[in-house]
$ cat entry_18.cif   # mmCIF, C-alpha atoms
data_run
#
loop_
_atom_site.label_atom_id
_atom_site.label_comp_id
_atom_site.auth_asym_id
_atom_site.auth_seq_id
_atom_site.Cartn_x
_atom_site.Cartn_y
_atom_site.Cartn_z
CA MET M 1 21.25 -11.73 36.33
CA ARG M 2 24.19 -14.12 36.18
CA LYS M 3 27.47 -12.43 36.98
CA ILE M 4 30.01 -15.26 37.10
CA ILE M 5 32.43 -13.35 34.90
CA TYR M 6 32.44 -10.40 37.27
CA ALA M 7 33.03 -12.64 40.28
CA LEU M 8 36.05 -14.17 38.59
CA VAL M 9 37.44 -10.81 37.54
CA LEU M 10 37.28 -9.62 41.14
CA ALA M 11 39.90 -12.16 42.12
CA CYS M 12 42.38 -10.12 40.10
CA LEU M 13 41.49 -6.75 41.61
CA PRO M 14 43.87 -5.19 44.14
CA PHE M 15 42.82 -4.92 47.74
CA PHE M 16 42.17 -1.40 49.00
CA LEU M 17 43.72 -0.46 52.33
CA PHE M 18 41.98 1.62 54.95
CA ALA M 19 42.65 2.92 58.42
CA GLN M 20 41.66 -0.15 60.37
CA GLN M 21 41.58 -0.96 64.04
CA SER M 22 44.97 -1.82 65.55
CA ASP M 23 45.78 -5.32 66.76
CA LYS M 24 45.08 -4.15 70.31
CA THR M 25 41.58 -2.94 69.48
CA PRO M 26 39.07 -5.74 68.84
CA SER M 27 36.80 -5.60 65.84
CA PRO M 28 33.29 -4.34 66.72
CA TYR M 29 31.91 -7.54 65.16
CA ALA M 30 33.13 -11.14 65.32
CA ALA M 31 33.47 -13.56 62.43
CA GLY M 32 30.28 -14.78 60.82
CA GLN M 33 28.44 -17.85 62.06
CA ALA M 34 26.48 -20.00 59.60
CA VAL M 35 22.79 -19.87 60.51
CA ALA M 36 21.07 -21.70 57.66
CA THR M 37 21.36 -22.81 54.07
CA ILE M 38 18.82 -21.56 51.57
CA SER M 39 17.82 -24.61 49.56
CA ASN M 40 14.70 -23.33 47.76
CA PRO M 41 15.71 -22.97 44.09
CA LEU M 42 13.44 -19.91 43.81
CA LEU M 43 15.72 -18.15 46.29
CA GLU M 44 19.08 -18.96 44.71
CA GLU M 45 19.51 -15.41 43.38
CA ILE M 46 18.86 -13.35 46.53
CA SER M 47 20.55 -9.97 46.13
CA GLY M 48 19.10 -7.98 49.02
CA LEU M 49 17.99 -8.46 52.64
CA ALA M 50 16.62 -6.13 55.31
CA PHE M 51 15.21 -6.70 58.79
CA SER M 52 11.71 -5.58 59.73
CA ARG M 53 11.26 -2.72 62.18
CA LYS M 54 7.81 -3.99 63.20
CA HIS M 55 8.24 -7.75 63.55
CA PRO M 56 11.14 -9.19 65.57
CA ASN M 57 13.48 -11.39 63.53
CA LEU M 58 11.55 -11.00 60.27
CA ILE M 59 13.80 -10.61 57.21
CA TYR M 60 12.66 -9.28 53.83
CA VAL M 61 14.58 -10.62 50.82
CA HIS M 62 14.19 -10.52 47.05
CA THR M 63 15.72 -12.17 44.02
CA ASP M 64 17.69 -10.73 41.14
CA SER M 65 16.60 -9.88 37.59
CA GLY M 66 14.18 -12.32 36.02
CA GLY M 67 12.81 -13.43 39.37
CA GLU M 68 9.34 -12.82 40.71
CA ALA M 69 8.22 -9.29 41.51
CA ALA M 70 7.94 -10.35 45.12
CA VAL M 71 9.50 -9.79 48.51
CA TYR M 72 9.98 -13.04 50.42
CA LEU M 73 9.61 -13.35 54.19
CA LEU M 74 12.19 -15.29 56.20
CA ASP M 75 12.92 -15.55 59.87
CA SER M 76 16.39 -15.06 61.32
CA ILE M 77 17.21 -18.76 61.08
CA GLY M 78 16.26 -18.98 57.41
CA ASN M 79 12.72 -20.41 57.57
CA GLU M 80 10.34 -19.25 54.84
CA LEU M 81 7.26 -17.44 56.13
CA GLY M 82 5.57 -16.30 52.91
CA LYS M 83 5.90 -13.67 50.21
CA LEU M 84 4.50 -10.28 49.28
CA GLU M 85 3.72 -9.80 45.59
CA LEU M 86 4.19 -6.22 44.38
CA GLU M 87 1.21 -5.27 42.24
CA GLY M 88 1.69 -3.87 38.75
CA VAL M 89 5.49 -4.06 38.56
CA GLU M 90 8.16 -6.33 37.10
CA ASN M 91 11.56 -7.42 38.35
CA ARG M 92 13.77 -5.90 35.65
CA ASP M 93 16.85 -5.94 37.85
CA TRP M 94 16.07 -5.65 41.55
CA GLU M 95 19.32 -5.34 43.45
CA GLU M 96 18.62 -3.99 46.93
CA ILE M 97 16.05 -3.70 49.69
CA ALA M 98 15.91 -1.52 52.79
CA VAL M 99 13.54 -0.68 55.64
CA GLY M 100 13.15 2.86 56.88
CA PRO M 101 10.75 5.68 57.71
CA GLY M 102 8.04 6.76 55.29
CA PRO M 103 4.96 8.98 55.37
CA ASN M 104 3.40 9.74 58.77
CA GLY M 105 6.29 8.11 60.58
CA GLU M 106 5.31 4.62 59.41
CA SER M 107 7.92 1.98 58.69
CA TYR M 108 8.25 1.25 54.97
CA VAL M 109 9.96 -1.36 52.80
CA TYR M 110 12.00 0.04 49.88
CA VAL M 111 12.91 -2.09 46.85
CA GLY M 112 15.61 -0.86 44.49
CA GLU M 113 15.22 -1.50 40.76
CA ILE M 114 18.74 -0.11 40.38
CA GLY M 115 20.72 -2.82 38.58
CA ASP M 116 21.98 -1.87 35.13
CA ASN M 117 25.04 -3.92 34.14
CA LEU M 118 25.43 -2.22 30.76
CA ALA M 119 24.42 1.27 31.95
CA LYS M 120 21.72 1.43 29.27
CA HIS M 121 18.59 2.47 31.19
CA ASP M 122 17.70 6.15 31.25
CA GLU M 123 15.95 5.76 34.59
CA VAL M 124 15.90 3.50 37.63
CA ILE M 125 13.06 2.98 40.09
CA VAL M 126 12.71 2.59 43.84
CA TYR M 127 9.42 1.15 45.08
CA ARG M 128 8.05 1.55 48.59
CA PHE M 129 5.16 0.11 50.61
CA PRO M 130 4.25 0.14 54.32
CA GLU M 131 5.44 -2.77 56.38
CA PRO M 132 2.51 -5.19 56.78
CA ASN M 133 0.84 -5.53 60.16
CA ARG M 134 0.81 -9.32 59.97
CA ILE M 135 3.35 -11.84 58.72
CA GLN M 136 1.51 -13.55 55.88
CA SER M 137 1.53 -13.84 52.12
CA GLY M 138 -0.42 -11.37 50.05
CA LYS M 139 -0.36 -8.64 47.43
CA VAL M 140 0.77 -5.09 48.15
CA ALA M 141 0.25 -1.82 46.30
CA VAL M 142 3.42 0.22 45.84
CA GLU M 143 4.50 3.78 45.18
CA ALA M 144 7.38 4.43 42.79
CA ALA M 145 10.14 7.03 42.64
CA ILE M 146 11.41 7.34 39.07
CA LEU M 147 15.02 8.43 39.21
CA THR M 148 17.83 9.59 36.93
CA TYR M 149 21.54 10.14 37.55
CA PRO M 150 23.05 13.59 36.93
CA LYS M 151 25.65 12.30 34.44
CA GLY M 152 23.91 9.40 32.75
CA ALA M 153 23.14 5.78 33.53
CA ARG M 154 24.97 3.85 36.24
CA ASP M 155 24.89 0.32 37.54
CA ALA M 156 24.18 0.07 41.28
CA GLU M 157 23.43 -2.60 43.86
CA THR M 158 23.62 -0.62 47.12
CA MET M 159 20.73 1.39 48.58
CA MET M 160 20.30 2.67 52.15
CA VAL M 161 17.57 4.65 53.89
CA ASP M 162 18.69 6.99 56.66
CA PRO M 163 16.36 6.30 59.63
CA LEU M 164 16.98 9.79 61.01
CA ASP M 165 15.59 11.79 58.08
CA GLY M 166 14.25 9.24 55.56
CA ARG M 167 16.67 10.25 52.80
CA ILE M 168 17.57 7.44 50.38
CA TYR M 169 21.15 6.84 49.25
CA ILE M 170 22.32 4.85 46.23
CA LEU M 171 25.94 3.88 45.64
CA SER M 172 27.19 3.02 42.16
CA LYS M 173 29.04 -0.24 41.53
CA ARG M 174 31.38 -0.25 38.56
CA ASP M 175 33.28 3.03 38.88
CA ASP M 176 36.90 2.75 40.02
CA LYS M 177 35.69 4.67 43.08
CA ASN M 178 31.99 4.17 43.68
CA SER M 179 29.82 7.31 43.51
CA LEU M 180 27.24 8.25 46.14
CA TYR M 181 23.84 9.69 45.15
CA SER M 182 20.70 10.54 47.11
CA PHE M 183 17.10 11.68 46.86
CA ASP M 184 14.36 12.52 49.34
CA GLN M 185 10.89 11.16 49.99
CA GLU M 186 9.22 13.79 47.78
CA ALA M 187 10.33 11.75 44.75
CA PHE M 188 7.55 9.24 45.52
CA GLU M 189 4.95 12.00 45.21
CA LYS M 190 6.03 13.22 41.78
CA ALA M 191 4.51 12.02 38.53
CA GLY M 192 7.74 12.49 36.60
CA GLU M 193 11.43 11.86 37.07
CA THR M 194 13.63 13.06 39.90
CA GLU M 195 17.30 13.70 39.26
CA MET M 196 19.32 12.41 42.17
CA LYS M 197 21.91 14.53 43.91
CA ASP M 198 25.54 13.61 43.24
CA HIS M 199 27.75 13.70 46.36
CA PHE M 200 31.26 12.19 46.27
CA ASN M 201 33.18 8.97 45.60
CA LEU M 202 34.07 6.34 48.18
CA PRO M 203 37.55 4.78 48.04
CA PHE M 204 36.53 1.32 46.86
CA THR M 205 34.76 -0.35 43.95
CA MET M 206 32.19 -3.07 43.15
CA SER M 207 29.82 -2.26 46.02
CA THR M 208 27.03 -4.81 46.24
CA ALA M 209 25.00 -3.95 49.38
CA GLY M 210 24.67 -1.64 52.37
CA ASP M 211 22.58 -0.88 55.42
CA ILE M 212 22.14 1.58 58.27
CA SER M 213 21.17 0.37 61.74
CA ALA M 214 17.68 1.18 63.02
CA ASP M 215 19.00 3.90 65.34
CA GLY M 216 21.16 5.42 62.59
CA SER M 217 24.43 4.95 64.50
CA LYS M 218 26.08 2.26 62.37
CA ILE M 219 26.65 1.93 58.62
CA LEU M 220 27.70 -1.07 56.54
CA ILE M 221 28.73 -1.29 52.88
CA LYS M 222 30.13 -4.43 51.29
CA ASN M 223 31.68 -5.50 48.03
CA TYR M 224 32.61 -9.03 46.96
CA GLN M 225 35.79 -9.05 49.04
CA SER M 226 35.22 -6.84 52.08
CA ILE M 227 32.75 -5.36 54.55
CA PHE M 228 33.27 -1.69 55.49
CA TYR M 229 31.91 -0.16 58.69
CA TRP M 230 31.41 3.34 60.10
CA GLU M 231 30.08 4.60 63.42
CA ARG M 232 28.05 7.80 63.54
CA GLU M 233 28.15 10.28 66.37
CA GLU M 234 24.93 11.80 67.69
CA GLY M 235 23.75 14.60 65.40
CA GLU M 236 26.34 13.84 62.72
CA ASP M 237 25.32 14.09 59.07
CA LEU M 238 25.54 10.80 57.19
CA LEU M 239 27.65 12.37 54.44
CA ASP M 240 30.25 13.49 56.98
CA VAL M 241 30.40 9.95 58.36
CA LEU M 242 31.02 8.39 54.95
CA LYS M 243 33.85 10.82 54.23
CA ARG M 244 35.87 9.13 56.98
CA ASP M 245 37.96 6.02 56.36
CA PRO M 246 35.96 2.91 57.28
CA ILE M 247 36.93 -0.01 59.48
CA GLU M 248 37.15 -3.29 57.62
CA LEU M 249 35.23 -6.05 59.40
CA PRO M 250 35.73 -9.82 59.40
CA TYR M 251 34.10 -11.42 56.37
CA ASN M 252 33.39 -15.06 55.58
CA PRO M 253 34.08 -15.17 51.82
CA GLU M 254 30.98 -15.94 49.75
CA PRO M 255 30.76 -17.05 46.12
CA GLN M 256 28.77 -13.94 45.22
CA GLY M 257 27.77 -11.98 48.30
CA GLU M 258 25.24 -9.31 47.37
CA ALA M 259 23.14 -8.90 50.53
CA ILE M 260 23.83 -7.43 53.96
CA GLY M 261 21.65 -6.08 56.75
CA PHE M 262 21.72 -5.18 60.44
CA GLY M 263 19.65 -7.12 62.92
CA PRO M 264 16.92 -5.17 64.76
CA SER M 265 19.18 -3.77 67.50
CA GLY M 266 22.37 -3.40 65.49
CA ALA M 267 24.04 -6.00 67.73
CA THR M 268 24.27 -8.35 64.75
CA PHE M 269 24.41 -8.15 60.99
CA TYR M 270 23.69 -10.80 58.39
CA THR M 271 25.01 -11.62 54.92
CA LEU M 272 23.70 -13.86 52.16
CA SER M 273 25.13 -14.82 48.78
CA GLU M 274 23.63 -15.79 45.49
CA LYS M 275 24.25 -19.40 44.43
CA ARG M 276 27.45 -19.73 42.40
CA PHE M 277 29.72 -22.62 41.44
CA SER M 278 27.09 -25.05 42.84
CA ILE M 279 27.58 -23.57 46.34
CA VAL M 280 24.21 -23.37 48.13
CA PRO M 281 23.63 -19.91 49.70
CA VAL M 282 24.38 -19.69 53.42
CA LEU M 283 22.86 -17.12 55.77
CA TYR M 284 25.61 -15.83 58.08
CA CYS M 285 25.17 -13.90 61.34
CA TYR M 286 27.98 -11.65 62.63
CA PRO M 287 27.59 -10.87 66.36
CA SER M 288 28.82 -7.72 68.05
CA THR M 289 31.87 -8.00 70.28
CA ARG M 290 30.75 -5.10 72.45
#

$ encode --input "entry_18.cif" --output "structure tokens"
Amino acid sequence: MRKIIYALVLACLPFFLFAQQSDKTPSPYAAGQAVATISNPLLEEISGLAFSRKHPNLIYVHTDSGGEAAVYLLDSIGNELGKLELEGVENRDWEEIAVGPGPNGESYVYVGEIGDNLAKHDEVIVYRFPEPNRIQSGKVAVEAAILTYPKGARDAETMMVDPLDGRIYILSKRDDKNSLYSFDQEAFEKAGETEMKDHFNLPFTMSTAGDISADGSKILIKNYQSIFYWEREEGEDLLDVLKRDPIELPYNPEPQGEAIGFGPSGATFYTLSEKRFSIVPVLYCYPSTR
């Protein structure tokens, strides 16, 4: 869905200050490097990206509301490799994608039908399917978790799957301080709705994307202006991590950046914007400085 008005409004929002690294401590990631432009008009509204855990350098992406009910396959330099069509579903307002553990320890792709600009939908949906064994186009059957919020509808664009326990986290977008919710894998096995658990607010607004590294040790959340980063100690609960002040990372400003994801090892992360103001989307790679 077009959100030009919201992008313009953001220019008037105040910046939020966090405990950041001192000048003597280098950022854990360097500035972004342009990798590729995405020129296919079908991919001008990409609002989520996630790296495969089975295929090196394979990226799953999807488009925003009104686009195909499909997950597109790219490589890490932006080449198109095919698409997976999700059977029996529509793209009402897909806003996020993640890769994480599923049944029997398999790696699954999770697609978040969580966008709701006007907060009018009684329920949102997260779809999941196993990562394919081969990189090729095809159709995939999906399972769905039908979800509700404890206090009524919310708009959201950020979803993360914790690789350590498989729990799924959704972060609201339009609150003054974005609210964190979660649900577990059992929601995919229920015929009816699952009410998500309400946790706490994070000290920023307009979140558009997030990801957790494959080993669970690093967390990213971004909004239109900033990228926030946390490091997780061994055995630490994700909720405890997110209660700490984040580090703010370098960010190449994008016209409407709504996608972020770690590379396979966590030594890089990537961002991608939707097309706005006639600016063709650019895939950026941010390398680790460590």

$ resolve_selection --input "entry_18.cif" --expression "the PyMOL selection byres ((chain M and resi 86-98) around 8)" --output "PyMOL selection string"
chain M and resi 1+47-51+60-71+84-85+99-100+109-116+139-142+156-161+209+211+259

$ resolve_selection --input "entry_18.cif" --expression "the PyMOL selection byres ((chain M and resi 180-189) around 7)" --output "PyMOL selection string"
chain M and resi 143-145+166-172+178-179+190-191+194+196-201

$ resolve_selection --input "entry_18.cif" --expression "the PyMOL selection byres ((chain M and resi 222) around 12)" --output "JSON, numbers by chain"
{"M": [48, 157, 158, 159, 171, 173, 178, 202, 204, 205, 206, 207, 208, 209, 210, 211, 219, 220, 221, 223, 224, 225, 226, 227, 228, 229, 230, 246, 247, 248, 249, 250, 251, 252, 253, 254, 256, 257, 258, 259, 260, 261, 269, 270, 271, 272, 273]}

$ closest_residue --input "entry_18.cif" --among "M:Asp245, M:Asp155, M:Glu131, M:Asp215" --to "M:Asp175" --atoms "only C-alpha atoms"
M:Asp155

$ atom_distance --input "entry_18.cif" --atom1 "atom CA of M:Asn40" --atom2 "atom CA of M:Phe277"
16.3 Å

$ atom_distance --input "entry_18.cif" --atom1 "atom CA of M:His121" --atom2 "atom CA of M:Ser107"
29.5 Å

$ atom_distance --input "entry_18.cif" --atom1 "atom CA of M:Thr37" --atom2 "atom CA of M:Asn133"
27.5 Å

$ closest_residue --input "entry_18.cif" --among "M:Gly216, M:Pro26, M:Gly32, M:Pro41" --to "M:Val280" --atoms "all atoms listed in the file"
M:Pro41

$ closest_residue --input "entry_18.cif" --among "M:Ser76, M:Ser213, M:Ser278, M:Gln136" --to "M:Leu58" --atoms "all atoms listed in the file"
M:Ser76

$ closest_residue --input "entry_18.cif" --among "M:Arg174, M:Gly192, M:Asn117, M:Asn104" --to "M:Ile146" --atoms "all atoms listed in the file"
M:Gly192

$ closest_residue --input "entry_18.cif" --among "M:Leu73, M:Ile212, M:Leu118, M:Leu147" --to "M:Ile135" --atoms "all atoms listed in the file"
M:Leu73

$ closest_residue --input "entry_18.cif" --among "M:Pro130, M:Thr289, M:Glu274, M:Asp176" --to "M:Lys54" --atoms "only C-alpha atoms"
M:Pro130
